[in-house]
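Undergrad: Structure file input08.csv (CSV, C-alpha atoms and all ligand atoms) right here:
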chain,number,residue,atom,x,y,z
A,94,MET,CA,-32.4,-51.1,-6.9
A,95,LYS,CA,-35.5,-53.2,-6.5
A,96,SER,CA,-36.2,-55.8,-3.8
A,97,PRO,CA,-36.1,-59.5,-4.7
A,98,ASP,CA,-39.4,-61.4,-5.1
A,99,PHE,CA,-40.9,-62.6,-1.8
A,100,ALA,CA,-44.2,-64.0,-0.6
A,101,TYR,CA,-46.2,-61.8,1.8
A,102,VAL,CA,-48.4,-63.4,4.5
A,103,ARG,CA,-50.1,-61.9,7.5
A,104,ALA,CA,-50.6,-63.4,10.9
A,105,ASP,CA,-53.4,-62.2,13.2
A,106,THR,CA,-52.3,-64.3,16.2
A,107,LEU,CA,-49.1,-65.6,17.6
A,108,ASP,CA,-50.1,-69.2,16.8
A,109,ALA,CA,-50.7,-68.2,13.2
A,110,ALA,CA,-47.3,-66.5,13.1
A,111,PHE,CA,-45.5,-69.6,14.3
A,112,ARG,CA,-47.5,-71.8,11.9
A,113,LEU,CA,-46.6,-69.6,9.0
A,114,LYS,CA,-42.9,-69.6,10.1
A,115,ALA,CA,-42.9,-73.4,10.1
A,116,GLN,CA,-44.5,-73.4,6.7
A,117,HIS,CA,-42.1,-70.8,5.0
A,118,GLY,CA,-38.9,-71.9,6.7
A,119,ALA,CA,-35.7,-70.3,7.9
A,120,ASP,CA,-35.5,-67.7,5.1
A,121,ALA,CA,-38.9,-66.2,6.1
A,122,ARG,CA,-38.6,-62.9,8.1
A,123,TRP,CA,-40.9,-61.2,10.6
A,124,LEU,CA,-42.3,-57.9,9.2
A,125,ALA,CA,-43.2,-55.3,11.9
A,126,GLY,CA,-43.1,-51.6,10.9
A,127,GLY,CA,-41.0,-52.4,7.8
A,128,GLN,CA,-38.9,-49.2,8.4
A,129,SER,CA,-35.6,-51.1,8.4
A,130,LEU,CA,-36.5,-54.3,6.7
A,131,LEU,CA,-38.0,-52.9,3.6
A,132,ALA,CA,-34.9,-50.6,3.1
A,133,ALA,CA,-32.7,-53.6,3.5
A,134,LEU,CA,-34.7,-55.5,0.9
A,135,ALA,CA,-34.5,-52.6,-1.5
A,136,PHE,CA,-30.7,-52.6,-1.2
A,137,ARG,CA,-30.7,-56.4,-1.4
A,138,LEU,CA,-28.9,-56.6,1.9
A,139,SER,CA,-31.6,-59.2,2.8
A,140,GLU,CA,-33.3,-61.6,0.5
A,141,PRO,CA,-36.0,-63.5,2.4
A,142,THR,CA,-38.3,-65.9,0.7
A,143,ALA,CA,-41.3,-64.6,2.6
A,144,LEU,CA,-42.3,-61.8,4.9
A,145,ILE,CA,-44.6,-62.7,7.8
A,146,ASP,CA,-46.5,-59.5,8.8
A,147,ILE,CA,-46.9,-59.4,12.6
A,148,SER,CA,-48.1,-55.8,12.8
A,149,ARG,CA,-51.8,-56.7,13.5
A,150,ILE,CA,-51.2,-59.2,16.3
A,151,ASP,CA,-53.1,-57.7,19.3
A,152,VAL,CA,-51.0,-59.2,22.0
A,153,LEU,CA,-47.9,-57.5,20.6
A,154,GLN,CA,-49.5,-54.1,21.2
A,155,GLY,CA,-49.8,-51.8,24.2
A,156,ILE,CA,-48.2,-50.5,27.3
A,157,ALA,CA,-49.2,-51.5,30.9
A,158,VAL,CA,-47.9,-51.4,34.4
A,159,ASN,CA,-47.7,-54.8,36.0
A,160,GLY,CA,-46.7,-54.3,39.7
A,161,SER,CA,-43.2,-52.8,39.7
A,162,MET,CA,-42.7,-53.5,35.9
A,163,VAL,CA,-43.8,-51.7,32.8
A,164,ARG,CA,-44.7,-54.1,30.0
A,165,ILE,CA,-44.4,-52.8,26.4
A,166,GLY,CA,-45.7,-55.0,23.6
A,167,ALA,CA,-43.0,-55.5,21.0
A,168,GLY,CA,-45.3,-54.2,18.2
A,169,THR,CA,-45.8,-50.8,20.0
A,170,THR,CA,-44.7,-48.0,17.7
A,171,HIS,CA,-42.1,-45.4,18.7
A,172,THR,CA,-44.8,-42.7,18.5
A,173,THR,CA,-47.1,-44.5,20.9
A,174,ILE,CA,-44.3,-44.9,23.3
A,175,GLY,CA,-43.3,-41.3,23.0
A,176,GLU,CA,-46.9,-40.2,23.7
A,177,SER,CA,-47.6,-42.6,26.6
A,178,ASP,CA,-48.3,-41.1,30.0
A,179,ILE,CA,-47.3,-44.4,31.5
A,180,ILE,CA,-43.9,-44.2,29.8
A,181,ARG,CA,-43.4,-40.5,30.7
A,182,ARG,CA,-44.2,-41.3,34.4
A,183,HIS,CA,-42.5,-44.7,34.9
A,184,VAL,CA,-39.8,-45.0,32.2
A,185,PRO,CA,-39.0,-41.4,31.4
A,186,LEU,CA,-35.7,-42.3,29.7
A,187,LEU,CA,-37.6,-43.9,26.8
A,188,ALA,CA,-39.9,-40.9,26.5
A,189,ASP,CA,-36.8,-38.7,26.1
A,190,ALA,CA,-35.2,-41.2,23.6
A,191,VAL,CA,-38.1,-41.4,21.1
A,192,PRO,CA,-37.8,-37.9,19.6
A,193,HIS,CA,-34.2,-38.7,18.6
A,194,ILE,CA,-35.4,-41.7,16.5
A,195,ALA,CA,-35.5,-40.7,12.8
A,196,HIS,CA,-38.5,-38.6,11.8
A,197,THR,CA,-42.2,-38.6,12.6
A,198,ALA,CA,-43.2,-40.8,9.6
A,199,ILE,CA,-40.7,-43.5,10.6
A,200,ARG,CA,-41.7,-43.3,14.3
A,201,ASN,CA,-45.4,-43.7,13.3
A,202,ARG,CA,-44.7,-47.2,11.9
A,203,GLY,CA,-41.4,-48.4,13.4
A,204,THR,CA,-41.8,-50.5,16.5
A,205,ILE,CA,-39.7,-51.1,19.6
A,206,GLY,CA,-39.5,-54.8,18.9
A,207,GLY,CA,-38.3,-54.1,15.4
A,208,SER,CA,-35.6,-51.7,16.6
A,209,LEU,CA,-34.3,-54.2,19.3
A,210,ALA,CA,-34.4,-57.2,16.9
A,211,PHE,CA,-32.7,-55.2,14.1
A,212,ALA,CA,-29.9,-54.3,16.7
A,213,ASP,CA,-28.4,-51.4,14.9
A,214,PRO,CA,-25.5,-50.3,17.2
A,215,ALA,CA,-26.3,-46.7,16.6
A,216,ALA,CA,-30.0,-47.0,17.7
A,217,GLU,CA,-31.2,-45.4,20.9
A,218,LEU,CA,-33.6,-48.0,22.2
A,219,PRO,CA,-31.2,-50.9,22.6
A,220,ALA,CA,-28.9,-48.7,24.8
A,221,CYS,CA,-31.8,-47.4,26.8
A,222,CYS,CA,-33.0,-51.0,27.5
A,223,VAL,CA,-29.5,-52.1,28.6
A,224,ALA,CA,-29.3,-49.0,30.9
A,225,LEU,CA,-32.8,-49.7,32.4
A,226,GLU,CA,-32.0,-53.4,32.9
A,227,ALA,CA,-34.9,-54.5,30.8
A,228,THR,CA,-35.9,-58.0,30.1
A,229,PHE,CA,-37.1,-59.2,26.6
A,230,VAL,CA,-39.7,-61.8,26.2
A,231,ALA,CA,-39.1,-64.1,23.2
A,232,ALA,CA,-41.6,-66.7,21.9
A,233,SER,CA,-41.7,-69.4,19.4
A,234,ALA,CA,-43.9,-72.5,18.8
A,235,LYS,CA,-41.7,-74.2,21.5
A,236,GLY,CA,-42.7,-71.7,24.2
A,237,GLU,CA,-41.5,-68.5,25.8
A,238,ARG,CA,-38.2,-67.4,27.4
A,239,ARG,CA,-36.8,-64.2,28.9
A,240,ILE,CA,-33.5,-62.7,27.9
A,241,SER,CA,-31.9,-59.8,29.8
A,242,ALA,CA,-31.1,-56.8,27.6
A,243,ARG,CA,-27.5,-57.1,28.7
A,244,ASP,CA,-27.2,-60.6,27.1
A,245,PHE,CA,-29.4,-59.9,24.0
A,246,PHE,CA,-27.2,-57.9,21.7
A,247,HIS,CA,-24.4,-60.0,20.2
A,248,GLY,CA,-23.0,-57.6,17.6
A,249,VAL,CA,-23.9,-55.5,14.5
A,250,TYR,CA,-27.5,-56.7,13.5
A,251,ALA,CA,-26.9,-59.9,15.7
A,252,THR,CA,-29.0,-60.9,18.7
A,253,ALA,CA,-29.7,-63.8,21.0
A,254,LEU,CA,-33.0,-64.5,19.1
A,255,GLU,CA,-33.3,-67.9,17.4
A,256,ASN,CA,-34.5,-67.9,13.8
A,257,ASP,CA,-38.0,-69.1,14.8
A,258,GLU,CA,-38.4,-66.7,17.7
A,259,LEU,CA,-40.0,-63.3,17.8
A,260,LEU,CA,-40.0,-60.7,20.5
A,261,THR,CA,-43.4,-60.3,22.2
A,262,ALA,CA,-42.7,-57.8,24.9
A,263,ILE,CA,-40.2,-55.7,26.8
A,264,GLU,CA,-40.3,-55.6,30.6
A,265,ILE,CA,-38.7,-52.6,32.3
A,266,PRO,CA,-38.5,-51.9,36.1
A,267,ALA,CA,-40.6,-48.8,36.8
A,268,ALA,CA,-38.6,-45.8,38.1
A,269,VAL,CA,-38.6,-45.2,41.8
A,270,ALA,CA,-37.7,-42.2,44.0
A,271,GLY,CA,-34.0,-41.3,43.5
A,272,ASP,CA,-33.9,-42.5,39.9
A,273,HIS,CA,-32.5,-40.1,37.3
A,274,HIS,CA,-31.8,-40.4,33.7
A,275,ALA,CA,-30.5,-38.7,30.6
A,276,LEU,CA,-30.1,-39.4,26.9
A,277,ILE,CA,-27.7,-37.3,24.9
A,278,GLU,CA,-26.5,-37.9,21.3
A,279,ILE,CA,-24.6,-36.0,18.6
A,280,THR,CA,-25.9,-36.3,15.1
A,281,ARG,CA,-24.9,-34.5,11.8
A,282,ARG,CA,-28.6,-33.6,11.1
A,283,SER,CA,-31.7,-33.9,13.2
A,284,GLY,CA,-33.2,-37.4,12.7
A,285,ASP,CA,-30.0,-39.0,11.5
A,286,TYR,CA,-28.6,-42.0,13.4
A,287,ALA,CA,-26.2,-40.8,16.1
A,288,MET,CA,-22.4,-40.3,15.6
A,289,ALA,CA,-22.2,-41.0,19.3
A,290,GLY,CA,-24.7,-41.2,22.1
A,291,ILE,CA,-25.3,-42.3,25.7
A,292,ALA,CA,-28.2,-43.5,27.8
A,293,VAL,CA,-27.7,-42.9,31.6
A,294,ALA,CA,-29.8,-44.4,34.4
A,295,LEU,CA,-28.6,-43.7,38.0
A,296,ARG,CA,-30.1,-44.0,41.5
A,297,ARG,CA,-29.2,-41.7,44.4
A,298,SER,CA,-29.9,-42.2,48.0
A,299,ASP,CA,-28.6,-40.1,50.9
A,300,ASP,CA,-26.8,-37.8,48.4
A,301,LYS,CA,-24.7,-40.7,47.0
A,302,ILE,CA,-25.0,-42.6,43.7
A,303,ASP,CA,-25.6,-46.2,44.5
A,304,ARG,CA,-26.5,-47.5,41.0
A,305,VAL,CA,-25.4,-46.2,37.7
A,306,ARG,CA,-25.5,-47.5,34.1
A,307,LEU,CA,-23.7,-45.6,31.4
A,308,VAL,CA,-24.5,-47.2,28.1
A,309,PHE,CA,-23.0,-45.8,24.8
A,310,PHE,CA,-24.5,-46.2,21.3
A,311,ALA,CA,-22.7,-45.7,17.9
A,312,LEU,CA,-19.4,-46.4,19.7
A,313,GLY,CA,-19.1,-50.2,19.3
A,314,ASP,CA,-20.7,-53.1,17.6
A,315,LYS,CA,-23.5,-53.1,20.2
A,316,PRO,CA,-24.5,-51.1,23.2
A,317,VAL,CA,-21.4,-50.5,25.3
A,318,VAL,CA,-21.6,-50.5,29.1
A,319,ALA,CA,-19.0,-48.2,30.6
A,320,HIS,CA,-18.0,-50.1,33.8
A,321,VAL,CA,-14.8,-48.1,34.6
A,322,ALA,CA,-16.4,-44.7,34.3
A,323,ALA,CA,-19.4,-46.0,36.4
A,324,GLY,CA,-17.0,-47.2,39.1
A,325,VAL,CA,-15.7,-43.6,39.4
A,326,LEU,CA,-19.2,-42.3,40.1
A,327,LEU,CA,-20.4,-45.1,42.5
A,328,GLY,CA,-20.5,-44.1,46.1
A,329,THR,CA,-19.9,-40.4,45.4
A,330,ASP,CA,-22.3,-37.5,44.8
A,331,LEU,CA,-22.8,-36.0,41.4
A,332,VAL,CA,-20.5,-33.0,41.4
A,333,GLU,CA,-18.6,-31.4,38.5
A,334,ASP,CA,-15.2,-32.7,39.5
A,335,GLN,CA,-16.5,-36.2,39.7
A,336,ILE,CA,-18.1,-35.8,36.3
A,337,GLU,CA,-14.7,-34.7,34.9
A,338,ARG,CA,-13.0,-37.8,36.4
A,339,ALA,CA,-15.6,-40.1,35.0
A,340,ALA,CA,-15.2,-38.5,31.5
A,341,LYS,CA,-11.4,-39.1,31.7
A,342,ALA,CA,-11.9,-42.7,32.8
A,343,VAL,CA,-14.3,-43.6,30.0
A,344,SER,CA,-11.5,-44.2,27.4
A,345,ALA,CA,-10.8,-47.4,29.2
A,346,ASP,CA,-14.3,-48.7,28.5
A,347,LEU,CA,-14.3,-48.0,24.8
A,348,ASP,CA,-12.6,-49.4,21.7
A,349,PRO,CA,-14.7,-47.6,19.1
A,350,PRO,CA,-14.3,-48.5,15.4
A,351,GLY,CA,-14.0,-45.7,13.0
A,352,ASP,CA,-16.9,-45.2,10.6
A,353,LEU,CA,-18.1,-42.7,8.0
A,354,ASN,CA,-18.4,-40.1,10.7
A,355,GLY,CA,-14.9,-40.2,11.9
A,356,GLY,CA,-12.0,-42.2,13.3
A,357,PRO,CA,-11.6,-43.9,16.7
A,358,GLU,CA,-10.0,-40.8,18.3
A,359,MET,CA,-12.8,-38.6,17.3
A,360,LYS,CA,-15.3,-41.2,18.6
A,361,ARG,CA,-13.5,-41.3,22.0
A,362,HIS,CA,-13.7,-37.5,22.2
A,363,LEU,CA,-17.4,-37.6,21.4
A,364,ALA,CA,-17.9,-40.2,24.1
A,365,GLN,CA,-16.4,-37.8,26.7
A,366,VAL,CA,-18.6,-35.0,25.4
A,367,VAL,CA,-21.9,-37.0,25.6
A,368,LEU,CA,-21.0,-38.4,29.0
A,369,LYS,CA,-20.3,-35.0,30.4
A,370,ARG,CA,-23.4,-33.5,28.9
A,371,ALA,CA,-25.6,-36.3,30.2
A,372,LEU,CA,-24.3,-36.1,33.8
A,373,LEU,CA,-24.4,-32.3,33.8
A,374,GLN,CA,-28.0,-32.5,32.7
A,375,ILE,CA,-28.9,-34.7,35.6
A,376,LEU,CA,-26.9,-32.5,38.0
A,377,ASN,CA,-28.7,-29.4,36.7
A,378,ASN,CA,-32.1,-31.1,37.2
A,379,LEU,CA,-31.1,-32.1,40.7
A,380,MET,CA,-30.2,-28.5,41.5
A,381,ARG,CA,-33.6,-27.4,40.4
A,382,MET,CA,-35.4,-29.9,42.6
A,383,PRO,CA,-36.9,-28.6,45.9
A,384,ALA,CA,-34.6,-29.4,48.9
B,401,LIG,C1,-34.2,-43.0,7.3
B,401,LIG,C2,-34.3,-43.8,8.6
B,401,LIG,C3,-33.7,-43.3,9.7
B,401,LIG,C4,-33.7,-44.0,10.9
B,401,LIG,N1,-33.1,-43.4,12.0
B,401,LIG,C5,-33.2,-44.1,13.1
B,401,LIG,C6,-32.6,-43.6,14.3
B,401,LIG,O1,-32.1,-42.4,14.4
B,401,LIG,N2,-32.6,-44.3,15.5
B,401,LIG,C7,-33.2,-45.6,15.5
B,401,LIG,O2,-33.1,-46.2,16.5
B,401,LIG,N3,-33.7,-46.1,14.4
B,401,LIG,C8,-33.7,-45.4,13.2
B,401,LIG,N4,-34.3,-46.0,12.1
B,401,LIG,C9,-34.9,-47.3,12.2
B,401,LIG,C10,-36.4,-47.3,12.8
B,401,LIG,O3,-36.3,-47.0,14.2
B,401,LIG,C11,-37.1,-48.6,12.6
B,401,LIG,O4,-38.4,-48.4,12.9
B,401,LIG,C12,-36.6,-49.8,13.5
B,401,LIG,O5,-35.2,-50.0,13.5
B,401,LIG,C13,-37.2,-51.1,13.0
B,401,LIG,O6,-38.5,-51.2,13.4
B,401,LIG,P1,-39.6,-51.8,12.5
B,401,LIG,O7,-40.8,-52.0,13.4
B,401,LIG,O8,-39.8,-50.9,11.3
B,401,LIG,O9,-38.9,-53.2,12.1
B,401,LIG,P2,-38.9,-53.9,10.6
B,401,LIG,O10,-38.2,-53.1,9.6
B,401,LIG,O11,-40.2,-54.5,10.3
B,401,LIG,O12,-37.9,-55.1,11.0
B,401,LIG,C14,-36.6,-54.9,11.3
B,401,LIG,C15,-36.0,-56.3,11.7
B,401,LIG,O13,-36.5,-56.8,12.9
B,401,LIG,C16,-37.2,-58.0,12.7
B,401,LIG,N5,-38.3,-57.9,13.6
B,401,LIG,C17,-39.3,-57.0,13.6
B,401,LIG,N6,-40.1,-57.1,14.7
B,401,LIG,C18,-39.7,-58.3,15.3
B,401,LIG,C19,-40.1,-58.9,16.5
B,401,LIG,N7,-41.2,-58.5,17.2
B,401,LIG,N8,-39.4,-60.0,16.9
B,401,LIG,C20,-38.3,-60.4,16.2
B,401,LIG,N9,-37.9,-59.8,15.1
B,401,LIG,C21,-38.5,-58.7,14.7
B,401,LIG,C22,-37.5,-58.1,11.3
B,401,LIG,O14,-37.6,-59.5,10.8
B,401,LIG,C23,-36.3,-57.4,10.7
B,401,LIG,O15,-35.2,-58.3,10.6
B,401,LIG,C24,-34.3,-45.3,10.9
B,401,LIG,C25,-34.9,-45.8,9.8
B,401,LIG,C26,-34.9,-45.1,8.6
B,401,LIG,C27,-35.5,-45.7,7.4
Could you spell out this file's structure in structure tokens?
TA:
Amino acid sequence: MKSPDFAYVRADTLDAAFRLKAQHGADARWLAGGQSLLAALAFRLSEPTALIDISRIDVLQGIAVNGSMVRIGAGTTHTTIGESDIIRRHVPLLADAVPHIAHTAIRNRGTIGGSLAFADPAAELPACCVALEATFVAASAKGERRISARDFFHGVYATALENDELLTAIEIPAAVAGDHHALIEITRRSGDYAMAGIAVALRRSDDKIDRVRLVFFALGDKPVVAHVAAGVLLGTDLVEDQIERAAKAVSADLDPPGDLNGGPEMKRHLAQVVLKRALLQILNNLMRMPA
């Protein structure tokens, strides 16, 4: 199938982007890496009147540490994030997530802002951002606002962004001593979207877990936070029995829809598998750390 006709315009600054959006109206869409949008156009799942290319706006690029926060420009590609020393050191969960996203060619053009705004429930970065308690910066001609990752995802391909807003940056608290993380997913083939996955971020002090975020992807219409299973882990140390108990509890957190990969029961089973693998990975890493 061929995409419908559309106008193409490029903005080199945020102000130009907002001007072009006002000019082309509600049916104009932002174009970042094009890795999801152009496929949607080819299948006529989306029929915008105009694409506003935001990929060359300087302020949307780059990764920096600002005090205790890491700021990632929304236009930063998956590859740049995966290769960044700042990310490896301060937000290692994202560095671990990137190799799971599609293939090199897609990671070279696809952007973190595009992935979050597209809000595919099987994508890795939305779940990581919820697990890391990230904040998203959205801007329009009216000004800027901050939205917590927790409140950003509304459903399949649906977010808190207004039609005239674009994401400019993602702010993530830098990891501190005692922080541990894991990202585990199950796919049919390397590079496919996950059949089930989990992003885990936890903090230990005095041999006890005092913060934990277990966030599933591909198991709901948006990233799913497992509060019940997290409750099992809080205040305890990470030991195999406790991991088993958390895995048993996780069914209460999930109501997974069936999809092409399998029915709800299989999805519940996969949720237990990824949860156990992620927590055991953290436990194994802890056991390798010098006392
Ligand atoms: C074959 C294939 C396999 C893939 N596998 C995976 C995978 O395993 N995991 C995964 O996470 N992703 C996967 N992807 C998607 C990939 O990660 C995309 O790069 C990403 O979802 C979209 O990023 P983009 O920059 O290309 O956005 P675009 O395609 O340019 O845009 C996507 C949507 O976001 C909007 N948008 C873009 N940037 C902004 C912004 N700054 N503010 C507001 N709205 C914005 C656009 O208007 C559009 O609606 C896959 C894609 C393909 C083609």
Undergrad: In the coordinate frame of the file, compute which residues have an atom within 9 Å of (-27.7, -35.7, 47.1) when using only C-alpha atoms, and state them as an mmCIF file with C-alpha atoms, in the coordinates of the input.
TA:
data_model
loop_
_atom_site.group_PDB
_atom_site.id
_atom_site.type_symbol
_atom_site.label_atom_id
_atom_site.label_comp_id
_atom_site.auth_asym_id
_atom_site.auth_seq_id
_atom_site.Cartn_x
_atom_site.Cartn_y
_atom_site.Cartn_z
ATOM 1 C CA ARG A 297 -29.200 -41.700 44.400
ATOM 2 C CA SER A 298 -29.900 -42.200 48.000
ATOM 3 C CA ASP A 299 -28.600 -40.100 50.900
ATOM 4 C CA ASP A 300 -26.800 -37.800 48.400
ATOM 5 C CA LYS A 301 -24.700 -40.700 47.000
ATOM 6 C CA ILE A 302 -25.000 -42.600 43.700
ATOM 7 C CA ASP A 330 -22.300 -37.500 44.800
ATOM 8 C CA LEU A 331 -22.800 -36.000 41.400
ATOM 9 C CA LEU A 379 -31.100 -32.100 40.700
#
Undergrad: Calculated over all atoms listed in the file, which of the candidates A:Leu130, A:Ala340, A:Ile174, A:Val184 has the smallest distance to Phe211 in chain A?
TA: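 Ranked by minimum distance to Phe211 in chain A, first place goes to A:Leu130.
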Undergrad: Considering all atoms listed in the file, can you say which of A:Thr204, A:Ala188, A:Cys221, A:Arg164 comes closest to Ser148 in chain A?
TA: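 Of A:Thr204, A:Ala188, A:Cys221, A:Arg164, the one nearest Ser148 in chain A is A:Thr204, counting all atoms listed in the file.
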Undergrad: My list of candidates is A:Leu187, A:Leu107, A:Asn378, A:Thr252. Which is closest to Gly236 in chain A when distances are computed with all atoms listed in the file?
TA: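 Closest residue, counting all atoms listed in the file: A:Leu107.
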Undergrad: Could you check which of A:His247, A:Arg338, A:Lys315, A:His196 is closest to ligand LIG 401 (chain B), using all atoms listed in the file?
TA: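 That would be A:His196, the residue with the smallest distance to ligand LIG 401 (chain B).
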Undergrad: Which residue is closest to His274 in chain A? Choose from A:Asn256, A:Thr329, A:Asn377, A:Asn201 and count only C-alpha atoms.
TA: A:Asn377
Undergrad: Write as a CSV table (one decimal) with C-alpha atoms, keeping the file's coordinate frame the residues around ligand LIG 401 (chain B), taking 7 Å as the cut-off and counting all atoms listed in the file.
TA:
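The result, written out as out-v7.csv:
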chain,number,residue,atom,x,y,z
A,122,ARG,CA,-38.6,-62.9,8.1
A,123,TRP,CA,-40.9,-61.2,10.6
A,124,LEU,CA,-42.3,-57.9,9.2
A,125,ALA,CA,-43.2,-55.3,11.9
A,126,GLY,CA,-43.1,-51.6,10.9
A,127,GLY,CA,-41.0,-52.4,7.8
A,128,GLN,CA,-38.9,-49.2,8.4
A,129,SER,CA,-35.6,-51.1,8.4
A,130,LEU,CA,-36.5,-54.3,6.7
A,131,LEU,CA,-38.0,-52.9,3.6
A,132,ALA,CA,-34.9,-50.6,3.1
A,167,ALA,CA,-43.0,-55.5,21.0
A,168,GLY,CA,-45.3,-54.2,18.2
A,193,HIS,CA,-34.2,-38.7,18.6
A,194,ILE,CA,-35.4,-41.7,16.5
A,195,ALA,CA,-35.5,-40.7,12.8
A,199,ILE,CA,-40.7,-43.5,10.6
A,200,ARG,CA,-41.7,-43.3,14.3
A,202,ARG,CA,-44.7,-47.2,11.9
A,203,GLY,CA,-41.4,-48.4,13.4
A,204,THR,CA,-41.8,-50.5,16.5
A,205,ILE,CA,-39.7,-51.1,19.6
A,206,GLY,CA,-39.5,-54.8,18.9
A,207,GLY,CA,-38.3,-54.1,15.4
A,208,SER,CA,-35.6,-51.7,16.6
A,210,ALA,CA,-34.4,-57.2,16.9
A,211,PHE,CA,-32.7,-55.2,14.1
A,215,ALA,CA,-26.3,-46.7,16.6
A,216,ALA,CA,-30.0,-47.0,17.7
A,217,GLU,CA,-31.2,-45.4,20.9
A,218,LEU,CA,-33.6,-48.0,22.2
A,258,GLU,CA,-38.4,-66.7,17.7
A,259,LEU,CA,-40.0,-63.3,17.8
A,260,LEU,CA,-40.0,-60.7,20.5
A,261,THR,CA,-43.4,-60.3,22.2
A,284,GLY,CA,-33.2,-37.4,12.7
A,285,ASP,CA,-30.0,-39.0,11.5
A,286,TYR,CA,-28.6,-42.0,13.4
A,287,ALA,CA,-26.2,-40.8,16.1
Undergrad: Calculated over all atoms listed in the file, which of the candidates A:Pro214, A:Gly118, A:Pro350, A:Pro266 has the smallest distance to Ile145 in chain A?
TA: A:Gly118
Undergrad: If we count only C-alpha atoms and set the cut-off at 9 Å, which residues sit around Glu140 in chain A, ignoring sequence neighbours fewer than 3 positions away in its own chain? Please answer as a list of chain:residue names.
TA: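 In the requested form, the answer reads A:Ser96, A:Pro97, A:Asp98, A:Phe99, A:Asp120, A:Ala133, A:Leu134, A:Arg137, A:Ala143.
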